[in-house]
$ cat final_21.txt   # compact mmCIF, C-alpha atoms
# COMPACT_ATOMS: atom_id res chain seq x y z
CA MET A 1 91.86 85.87 128.83
CA THR A 2 91.59 82.09 128.60
CA SER A 3 94.02 80.02 126.53
CA TYR A 4 91.10 78.16 124.97
CA ARG A 5 88.01 78.89 122.89
CA ALA A 6 84.46 78.07 123.99
CA ASP A 7 84.66 74.66 122.33
CA GLY A 8 87.85 73.82 124.26
CA SER A 9 90.23 74.32 121.34
CA PRO A 10 93.30 76.59 121.63
CA LEU A 11 93.00 80.24 120.68
CA ARG A 12 94.12 81.00 117.15
CA VAL A 13 96.87 83.61 116.91
CA VAL A 14 97.86 85.19 113.60
CA LEU A 15 101.08 87.16 113.16
CA ILE A 16 100.99 89.48 110.16
CA GLY A 17 104.74 89.83 109.91
CA ALA A 18 106.87 87.35 111.81
CA GLY A 19 110.29 88.90 112.20
CA ASP A 20 112.24 89.10 115.43
CA LEU A 21 109.48 90.78 117.44
CA GLY A 22 106.67 88.71 115.96
CA ILE A 23 108.53 85.46 116.58
CA ARG A 24 109.13 86.43 120.21
CA VAL A 25 105.44 87.15 120.67
CA GLY A 26 104.44 84.01 118.79
CA THR A 27 106.66 81.62 120.72
CA THR A 28 105.44 83.05 124.03
CA LEU A 29 101.80 82.53 123.02
CA ALA A 30 102.48 79.08 121.55
CA ASP A 31 104.19 78.01 124.77
CA ALA A 32 101.06 79.18 126.63
CA GLY A 33 98.92 76.76 124.61
CA HIS A 34 97.77 78.87 121.68
CA HIS A 35 97.91 77.85 118.02
CA VAL A 36 100.11 80.41 116.24
CA THR A 37 100.33 81.12 112.50
CA GLY A 38 102.98 83.48 111.13
CA VAL A 39 102.75 85.12 107.70
CA ARG A 40 106.04 86.12 106.10
CA ARG A 41 107.81 85.80 102.77
CA THR A 42 110.24 83.10 103.92
CA ILE A 43 109.06 80.73 106.62
CA GLU A 44 112.21 78.65 107.07
CA ALA A 45 113.36 80.88 109.93
CA LEU A 46 110.18 80.29 111.95
CA PRO A 47 110.51 78.09 115.03
CA PRO A 48 108.53 74.83 115.08
CA GLN A 49 105.89 76.26 117.43
CA ILE A 50 104.71 78.64 114.69
CA THR A 51 102.89 77.42 111.58
CA GLY A 52 104.19 79.34 108.59
CA VAL A 53 102.25 80.85 105.71
CA SER A 54 104.65 81.92 102.96
CA ALA A 55 103.46 85.06 101.16
CA ASP A 56 104.47 88.49 99.97
CA LEU A 57 101.79 90.35 101.86
CA ALA A 58 101.67 93.23 99.39
CA THR A 59 101.17 91.16 96.24
CA ASP A 60 100.24 87.52 96.88
CA ASP A 61 96.73 86.16 97.28
CA LEU A 62 96.28 85.17 100.90
CA PRO A 63 94.07 82.43 102.30
CA ASP A 64 91.49 83.31 104.89
CA LEU A 65 93.26 83.51 108.25
CA PRO A 66 90.95 82.80 111.21
CA ALA A 67 92.25 84.59 114.30
CA ASP A 68 91.17 85.11 117.87
CA LEU A 69 94.29 87.20 118.51
CA LEU A 70 95.96 89.28 115.79
CA LEU A 71 99.38 90.92 115.90
CA VAL A 72 100.60 93.10 113.04
CA ALA A 73 104.37 93.55 113.37
CA LEU A 74 105.79 94.42 109.96
CA ALA A 75 109.23 95.67 108.92
CA PRO A 76 109.91 97.32 105.54
CA ASP A 77 112.38 95.95 103.01
CA GLN A 78 113.20 99.53 101.98
CA ARG A 79 113.62 102.37 104.45
CA ASP A 80 112.21 105.07 102.15
CA GLU A 81 108.63 106.32 101.95
CA THR A 82 107.82 103.93 99.10
CA GLY A 83 109.04 100.96 101.11
CA TYR A 84 107.04 102.08 104.13
CA ARG A 85 103.84 102.40 102.08
CA HIS A 86 104.41 99.02 100.44
CA THR A 87 104.73 97.40 103.88
CA TYR A 88 102.75 99.35 106.44
CA VAL A 89 99.75 100.27 104.29
CA GLU A 90 99.43 97.85 101.38
CA ALA A 91 100.74 94.71 103.07
CA MET A 92 99.02 95.49 106.35
CA ARG A 93 95.67 96.06 104.62
CA ARG A 94 95.84 92.76 102.74
CA GLY A 95 96.92 90.82 105.81
CA VAL A 96 94.22 92.26 108.05
CA ASP A 97 91.57 91.73 105.37
CA ALA A 98 92.57 88.05 105.11
CA VAL A 99 91.90 87.77 108.84
CA LEU A 100 88.61 89.68 108.69
CA ARG A 101 87.28 87.45 105.91
CA ALA A 102 87.32 84.65 108.45
CA GLY A 103 85.78 86.68 111.27
CA THR A 104 86.61 89.42 113.75
CA PRO A 105 89.47 88.75 116.21
CA GLN A 106 88.88 89.20 119.92
CA ARG A 107 92.03 91.31 120.22
CA ALA A 108 94.25 93.03 117.66
CA VAL A 109 97.49 94.94 118.19
CA LEU A 110 99.52 96.92 115.64
CA ILE A 111 103.18 97.67 116.26
CA SER A 112 104.00 101.26 115.30
CA SER A 113 106.69 103.78 116.23
CA THR A 114 107.12 106.92 118.33
CA SER A 115 108.71 108.47 115.23
CA VAL A 116 105.21 109.84 114.51
CA TYR A 117 105.97 112.54 117.11
CA GLY A 118 108.67 113.95 114.83
CA ASP A 119 110.69 116.80 116.28
CA LEU A 120 108.43 117.52 119.24
CA GLU A 121 110.21 118.51 122.45
CA GLY A 122 109.39 117.83 126.08
CA ASP A 123 107.08 115.32 127.71
CA ILE A 124 105.10 113.07 125.35
CA ASP A 125 102.22 110.71 126.11
CA GLU A 126 99.27 109.19 124.23
CA ASP A 127 97.33 112.46 124.41
CA THR A 128 100.08 114.35 122.57
CA ALA A 129 99.10 115.05 118.97
CA PRO A 130 101.51 113.45 116.47
CA ALA A 131 103.69 115.80 114.45
CA PRO A 132 105.34 113.66 111.77
CA SER A 133 108.37 115.31 110.22
CA THR A 134 109.02 112.75 107.46
CA GLY A 135 107.01 111.02 104.78
CA ARG A 136 107.72 107.68 106.48
CA ALA A 137 106.12 108.87 109.71
CA GLU A 138 103.10 110.11 107.75
CA VAL A 139 102.73 106.61 106.30
CA LEU A 140 102.83 105.10 109.79
CA LEU A 141 99.98 107.36 110.88
CA GLU A 142 98.01 106.36 107.80
CA ALA A 143 98.58 102.71 108.69
CA GLU A 144 97.41 103.32 112.26
CA ARG A 145 94.20 104.95 111.01
CA LEU A 146 93.56 102.08 108.61
CA PHE A 147 94.17 99.53 111.34
CA HIS A 148 91.77 101.28 113.73
CA GLU A 149 89.08 101.51 111.05
CA ARG A 150 89.27 97.79 110.31
CA THR A 151 89.86 96.23 113.72
CA LYS A 152 89.12 98.70 116.51
CA GLY A 153 92.32 97.29 118.00
CA ALA A 154 95.20 98.86 119.92
CA VAL A 155 98.30 100.52 118.48
CA LEU A 156 101.56 100.07 120.39
CA ARG A 157 104.03 102.83 119.48
CA LEU A 158 107.51 101.65 120.39
CA SER A 159 110.49 103.86 121.12
CA GLY A 160 114.00 102.75 120.08
CA LEU A 161 114.44 99.00 120.48
CA TYR A 162 117.70 97.41 121.62
CA GLY A 163 118.87 94.07 122.93
CA ALA A 164 120.13 92.41 119.74
CA PRO A 165 123.82 91.53 119.43
CA GLY A 166 126.07 94.24 118.00
CA ASN A 167 124.36 97.22 119.60
CA ARG A 168 125.22 100.52 117.91
CA LEU A 169 125.47 102.53 121.14
CA VAL A 170 127.92 100.04 122.66
CA THR A 171 129.99 100.19 119.48
CA ARG A 172 130.08 104.00 119.59
CA VAL A 173 131.20 103.99 123.22
CA ARG A 174 134.02 101.60 122.35
CA ARG A 175 135.08 104.13 119.70
CA GLY A 176 135.01 106.96 122.25
CA GLU A 177 132.10 108.77 120.56
CA ASN A 178 129.69 110.90 122.60
CA PRO A 179 127.88 113.40 120.33
CA ASP A 180 125.22 115.74 121.76
CA PRO A 181 125.18 114.16 125.23
CA GLY A 182 122.37 116.42 126.39
CA LYS A 183 119.83 114.96 123.96
CA TRP A 184 117.07 112.99 125.65
CA THR A 185 116.79 109.37 124.56
CA ASN A 186 113.99 106.82 124.92
CA ARG A 187 114.33 103.07 124.54
CA MET A 188 112.75 99.69 125.20
CA HIS A 189 114.48 96.34 125.38
CA ARG A 190 113.19 94.00 122.67
CA ASP A 191 112.22 91.42 125.30
CA ASP A 192 110.00 94.00 126.99
CA ALA A 193 108.53 95.10 123.65
CA ALA A 194 107.47 91.53 122.90
CA ALA A 195 106.14 91.07 126.43
CA ALA A 196 104.11 94.28 126.11
CA ALA A 197 102.48 93.02 122.93
CA VAL A 198 101.63 89.71 124.61
CA HIS A 199 100.25 91.61 127.59
CA LEU A 200 97.93 93.70 125.43
CA LEU A 201 96.77 90.70 123.40
CA THR A 202 95.90 88.60 126.45
CA ARG A 203 94.77 90.94 129.23
CA VAL A 204 91.13 90.64 130.31
CA ASP A 205 90.24 94.35 130.58
CA PRO A 206 89.32 96.44 127.51
CA LEU A 207 92.19 98.07 125.67
CA GLN A 208 92.79 101.73 125.00
CA PRO A 209 93.25 102.58 121.29
CA LEU A 210 96.88 103.64 121.83
CA TYR A 211 99.84 102.79 124.06
CA ILE A 212 103.42 104.06 124.11
CA GLY A 213 105.99 101.33 124.62
CA THR A 214 109.12 102.64 126.31
CA ASP A 215 110.99 102.08 129.56
CA ASP A 216 110.51 103.95 132.83
CA GLU A 217 113.34 106.43 132.49
CA PRO A 218 114.09 108.70 129.54
CA ALA A 219 117.74 109.67 129.86
CA PRO A 220 120.26 112.04 128.30
CA ALA A 221 122.37 110.23 125.71
CA GLY A 222 125.56 111.12 127.58
CA ALA A 223 124.32 109.48 130.79
CA VAL A 224 123.61 106.24 128.95
CA ARG A 225 127.03 106.27 127.23
CA ASP A 226 128.79 106.99 130.53
CA PHE A 227 127.04 104.02 132.10
CA VAL A 228 128.00 101.75 129.21
CA ALA A 229 131.62 102.92 129.39
CA ASP A 230 131.70 102.14 133.11
CA GLU A 231 130.26 98.67 132.46
CA LEU A 232 132.90 98.08 129.77
CA GLY A 233 135.69 99.32 132.03
CA LEU A 234 136.54 102.07 129.53
CA PRO A 235 137.10 105.81 130.02
CA ARG A 236 133.90 107.79 129.69
CA PRO A 237 133.85 109.23 126.14
CA ALA A 238 134.53 112.95 125.85
CA PRO A 239 131.37 114.88 124.94
CA THR A 240 131.11 116.62 121.57
CA GLY A 241 128.30 118.85 120.44
CA SER A 242 125.59 120.23 122.69
CA THR A 243 125.31 119.37 126.36
CA GLU A 244 122.05 121.33 126.67
CA PRO A 245 118.92 119.24 127.32
CA SER A 246 116.85 118.76 124.16
CA GLY A 247 114.47 116.30 122.59
CA ARG A 248 111.48 114.42 123.95
CA ARG A 249 110.76 112.35 127.03
CA MET A 250 108.31 109.53 126.37
CA SER A 251 105.91 108.35 129.09
CA ASN A 252 104.81 104.73 129.54
CA ALA A 253 102.28 105.56 132.26
CA ARG A 254 99.29 104.18 130.35
CA LEU A 255 101.02 100.87 129.66
CA ARG A 256 102.14 100.61 133.29
CA GLU A 257 98.62 101.41 134.51
CA SER A 258 97.33 98.49 132.43
CA GLY A 259 99.31 96.15 134.69
CA PHE A 260 102.41 95.69 132.55
CA ARG A 261 105.77 95.38 134.30
CA LEU A 262 109.13 95.72 132.62
CA ARG A 263 111.96 93.25 132.93
CA TYR A 264 114.38 96.08 132.09
CA PRO A 265 112.77 99.19 133.62
CA THR A 266 115.71 101.53 132.89
CA PHE A 267 118.73 101.73 130.64
CA ARG A 268 120.88 100.45 133.51
CA GLU A 269 119.35 96.97 133.66
CA GLY A 270 119.01 96.80 129.91
CA TYR A 271 122.47 97.96 128.94
CA ARG A 272 124.12 95.90 131.62
CA ALA A 273 122.62 92.88 129.87
CA GLN A 274 123.52 94.37 126.47
CA VAL A 275 127.17 94.81 127.42
CA GLN A 276 127.35 91.19 128.58
CA LEU A 277 125.80 90.09 125.28
CA ASP A 278 128.27 92.13 123.23
CA SER A 279 131.37 91.18 125.26

$ encode --input "final_21.txt" --output "structure tokens"
Amino acid sequence: MTSYRADGSPLRVVLIGAGDLGIRVGTTLADAGHHVTGVRRTIEALPPQITGVSADLATDDLPDLPADLLLVALAPDQRDETGYRHTYVEAMRRGVDAVLRAGTPQRAVLISSTSVYGDLEGDIDEDTAPAPSTGRAEVLLEAERLFHERTKGAVLRLSGLYGAPGNRLVTRVRRGENPDPGKWTNRMHRDDAAAAAVHLLTRVDPLQPLYIGTDDEPAPAGAVRDFVADELGLPRPAPTGSTEPSGRRMSNARLRESGFRLRYPTFREGYRAQVQLDS
């Protein structure tokens, strides 16, 4: 996809929600020559490459937001079902409608979560039917349906993100904690999550309605903790709880087949960088 419109002007990118992930996507696209606008309640934290629109997406009147590329990457203020509905349904609807009033974007991507698969076990891909086990996950599915109805865009369901300072897993290993080491875990470094969103927004070929964003190697929790302990030069934490394999293994095959390549393809590359960050 070109970095310019037919009249030679830069593509217009709108971020509905400009937190950590949105800012990473926005700065990448701005550095590639796009004009990026980020909508969030407080815009002081936005970097200079992103034009801020200050608004409470769920309550404030929004101006029309012309967009060639649209990313919806929201995070709730409250972690209960009410907070999720306020953010992922009400705020998302108002933000997307502000974009649609100005025209239909060429590409639209919604960031969602693999939590919609609930307590399913075994191998999971985009053809696996969701099985939400919480009200919050039900709200996410409602938001995905609403997004598809309005934009015909792509949903990117992310597994557990890491890569920020103060990682919880590293902290637990330092404490010698290793509960249920047999449980399968799935993760994606936040740099790769942002890169995946950029990839979907800018690739030339048509998008599928849904992609799972995760790394190449689901791994038992105990294997990840052992690796982190080795990197820290600490004794491997003694296992507590079940060592039997359980949980789900997420597949990123569709995202990989689209041409996306991970900077941190497994927990080894990612947590080696995480340990250095947290040292």

$ closest_atom_pairs --input "final_21.txt" --of "stretch 168-250 of chain A" --to "stretch 11-14 of chain A" --cutoff "12 Å" --atoms "only C-alpha atoms" --output "Markdown table"
| residue | atom | partner | partner_atom | distance |
| --- | --- | --- | --- | --- |
| A:Val198 | CA | A:Val13 | CA | 10.9 |
| A:Leu201 | CA | A:Val13 | CA | 9.6 |
| A:Thr202 | CA | A:Leu11 | CA | 10.6 |

$ residues_around --input "final_21.txt" --residues "A:Ala137" --least-positions-apart "4" --cutoff "8 Å" --atoms "only C-alpha atoms" --output "list in words"
Ser115, Val116, Gly118, Pro132, Ser133 and Leu141 of chain A

$ write_last_selection --input "final_21.txt" --atoms "C-alpha atoms" --output "PDB file, in the coordinates of the input"
ATOM      1  CA  SER A 115     108.710 108.470 115.230  1.00  0.00           C
ATOM      2  CA  VAL A 116     105.210 109.840 114.510  1.00  0.00           C
ATOM      3  CA  GLY A 118     108.670 113.950 114.830  1.00  0.00           C
ATOM      4  CA  PRO A 132     105.340 113.660 111.770  1.00  0.00           C
ATOM      5  CA  SER A 133     108.370 115.310 110.220  1.00  0.00           C
ATOM      6  CA  LEU A 141      99.980 107.360 110.880  1.00  0.00           C
TER       7      LEU A 141
END

$ closest_residue --input "final_21.txt" --among "A:Phe147, A:Trp184, A:Tyr271, A:Tyr162" --to "A:Gly95" --atoms "all atoms listed in the file"
A:Phe147

$ atom_distance --input "final_21.txt" --atom1 "atom CA of A:Val173" --atom2 "atom CA of A:Ala194"
26.8 Å

$ closest_residue --input "final_21.txt" --among "A:Pro66, A:Pro239, A:Gly26, A:Gly182" --to "A:Gln49" --atoms "only C-alpha atoms"
A:Gly26

$ closest_residue --input "final_21.txt" --among "A:Leu234, A:Arg136, A:Glu121, A:Leu146" --to "A:Ser246" --atoms "only C-alpha atoms"
A:Glu121

$ atom_distance --input "final_21.txt" --atom1 "atom CA of A:Asp192" --atom2 "atom CA of A:Glu44"
25.2 Å

$ decode --input "final_21.txt" --residues "stretch 196-209 of chain A" --atoms "all heavy atoms" --output "JSON list (two decimals), in the first residue's frame"
[["chain", "number", "residue", "atom", "x", "y", "z"],
["A", 196, "ALA", "N", 2.50, -6.17, 14.00],
["A", 196, "ALA", "CA", 1.44, -6.95, 13.33],
["A", 196, "ALA", "C", 0.30, -6.04, 12.91],
["A", 196, "ALA", "O", -0.26, -6.19, 11.81],
["A", 196, "ALA", "CB", 0.94, -8.05, 14.26],
["A", 197, "ALA", "N", -0.07, -5.09, 13.77],
["A", 197, "ALA", "CA", -1.14, -4.16, 13.42],
["A", 197, "ALA", "C", -0.73, -3.30, 12.22],
["A", 197, "ALA", "O", -1.53, -3.08, 11.29],
["A", 197, "ALA", "CB", -1.48, -3.29, 14.61],
["A", 198, "VAL", "N", 0.51, -2.82, 12.21],
["A", 198, "VAL", "CA", 1.00, -2.04, 11.08],
["A", 198, "VAL", "C", 0.98, -2.89, 9.81],
["A", 198, "VAL", "O", 0.56, -2.43, 8.74],
["A", 198, "VAL", "CB", 2.43, -1.52, 11.36],
["A", 198, "VAL", "CG1", 3.04, -0.91, 10.09],
["A", 198, "VAL", "CG2", 2.41, -0.50, 12.49],
["A", 199, "HIS", "N", 1.41, -4.12, 9.93],
["A", 199, "HIS", "CA", 1.43, -5.04, 8.79],
["A", 199, "HIS", "C", 0.03, -5.20, 8.19],
["A", 199, "HIS", "O", -0.15, -5.11, 6.97],
["A", 199, "HIS", "CB", 1.98, -6.39, 9.25],
["A", 199, "HIS", "CG", 1.81, -7.49, 8.25],
["A", 199, "HIS", "ND1", 2.59, -7.61, 7.12],
["A", 199, "HIS", "CD2", 0.94, -8.55, 8.22],
["A", 199, "HIS", "CE1", 2.23, -8.68, 6.44],
["A", 199, "HIS", "NE2", 1.22, -9.26, 7.08],
["A", 200, "LEU", "N", -0.97, -5.42, 9.03],
["A", 200, "LEU", "CA", -2.32, -5.61, 8.52],
["A", 200, "LEU", "C", -2.90, -4.33, 7.93],
["A", 200, "LEU", "O", -3.64, -4.38, 6.94],
["A", 200, "LEU", "CB", -3.23, -6.13, 9.64],
["A", 200, "LEU", "CG", -2.89, -7.52, 10.18],
["A", 200, "LEU", "CD1", -3.82, -7.88, 11.33],
["A", 200, "LEU", "CD2", -2.96, -8.58, 9.08],
["A", 201, "LEU", "N", -2.56, -3.20, 8.51],
["A", 201, "LEU", "CA", -3.06, -1.93, 7.99],
["A", 201, "LEU", "C", -2.45, -1.56, 6.64],
["A", 201, "LEU", "O", -3.09, -0.86, 5.84],
["A", 201, "LEU", "CB", -2.78, -0.80, 8.98],
["A", 201, "LEU", "CG", -3.67, -0.73, 10.22],
["A", 201, "LEU", "CD1", -3.09, 0.24, 11.23],
["A", 201, "LEU", "CD2", -5.10, -0.33, 9.84],
["A", 202, "THR", "N", -1.25, -2.02, 6.35],
["A", 202, "THR", "CA", -0.53, -1.52, 5.18],
["A", 202, "THR", "C", -0.26, -2.57, 4.11],
["A", 202, "THR", "O", 0.27, -2.22, 3.05],
["A", 202, "THR", "CB", 0.82, -0.91, 5.62],
["A", 202, "THR", "OG1", 1.60, -1.90, 6.30],
["A", 202, "THR", "CG2", 0.60, 0.28, 6.54],
["A", 203, "ARG", "N", -0.59, -3.83, 4.33],
["A", 203, "ARG", "CA", -0.29, -4.83, 3.30],
["A", 203, "ARG", "C", -1.22, -4.64, 2.10],
["A", 203, "ARG", "O", -2.35, -4.13, 2.22],
["A", 203, "ARG", "CB", -0.37, -6.24, 3.87],
["A", 203, "ARG", "CG", -1.76, -6.74, 4.17],
["A", 203, "ARG", "CD", -1.70, -8.09, 4.89],
["A", 203, "ARG", "NE", -1.07, -9.12, 4.08],
["A", 203, "ARG", "CZ", -1.73, -10.04, 3.38],
["A", 203, "ARG", "NH1", -3.05, -10.03, 3.38],
["A", 203, "ARG", "NH2", -1.09, -10.95, 2.69],
["A", 204, "VAL", "N", -0.76, -5.04, 0.93],
["A", 204, "VAL", "CA", -1.50, -4.81, -0.31],
["A", 204, "VAL", "C", -2.65, -5.80, -0.46],
["A", 204, "VAL", "O", -3.74, -5.43, -0.89],
["A", 204, "VAL", "CB", -0.54, -4.91, -1.51],
["A", 204, "VAL", "CG1", -1.31, -4.82, -2.82],
["A", 204, "VAL", "CG2", 0.52, -3.81, -1.43],
["A", 205, "ASP", "N", -2.45, -7.06, -0.11],
["A", 205, "ASP", "CA", -3.45, -8.09, -0.34],
["A", 205, "ASP", "C", -4.66, -7.91, 0.58],
["A", 205, "ASP", "O", -4.55, -7.33, 1.66],
["A", 205, "ASP", "CB", -2.84, -9.47, -0.12],
["A", 205, "ASP", "CG", -1.74, -9.79, -1.13],
["A", 205, "ASP", "OD1", -1.79, -9.22, -2.24],
["A", 205, "ASP", "OD2", -0.84, -10.57, -0.80],
["A", 206, "PRO", "N", -5.83, -8.41, 0.17],
["A", 206, "PRO", "CA", -7.02, -8.33, 1.01],
["A", 206, "PRO", "C", -6.80, -9.02, 2.36],
["A", 206, "PRO", "O", -6.04, -9.99, 2.46],
["A", 206, "PRO", "CB", -8.10, -9.06, 0.18],
["A", 206, "PRO", "CG", -7.61, -9.00, -1.23],
["A", 206, "PRO", "CD", -6.12, -9.05, -1.14],
["A", 207, "LEU", "N", -7.50, -8.52, 3.36],
["A", 207, "LEU", "CA", -7.37, -9.08, 4.70],
["A", 207, "LEU", "C", -8.44, -10.11, 4.97],
["A", 207, "LEU", "O", -9.56, -10.03, 4.45],
["A", 207, "LEU", "CB", -7.50, -7.97, 5.76],
["A", 207, "LEU", "CG", -6.44, -6.88, 5.75],
["A", 207, "LEU", "CD1", -6.72, -5.89, 6.87],
["A", 207, "LEU", "CD2", -5.05, -7.46, 5.91],
["A", 208, "GLN", "N", -8.11, -11.09, 5.81],
["A", 208, "GLN", "CA", -9.10, -11.98, 6.38],
["A", 208, "GLN", "C", -9.84, -11.22, 7.49],
["A", 208, "GLN", "O", -9.31, -10.25, 8.05],
["A", 208, "GLN", "CB", -8.43, -13.22, 6.96],
["A", 208, "GLN", "CG", -7.67, -14.06, 5.97],
["A", 208, "GLN", "CD", -8.58, -14.97, 5.16],
["A", 208, "GLN", "OE1", -9.78, -15.05, 5.41],
["A", 208, "GLN", "NE2", -8.01, -15.67, 4.20],
["A", 209, "PRO", "N", -11.05, -11.64, 7.86],
["A", 209, "PRO", "CA", -11.77, -10.93, 8.93],
["A", 209, "PRO", "C", -11.12, -11.07, 10.30],
["A", 209, "PRO", "O", -11.36, -10.24, 11.17],
["A", 209, "PRO", "CB", -13.16, -11.60, 8.91],
["A", 209, "PRO", "CG", -13.27, -12.28, 7.60],
["A", 209, "PRO", "CD", -11.88, -12.68, 7.23]]
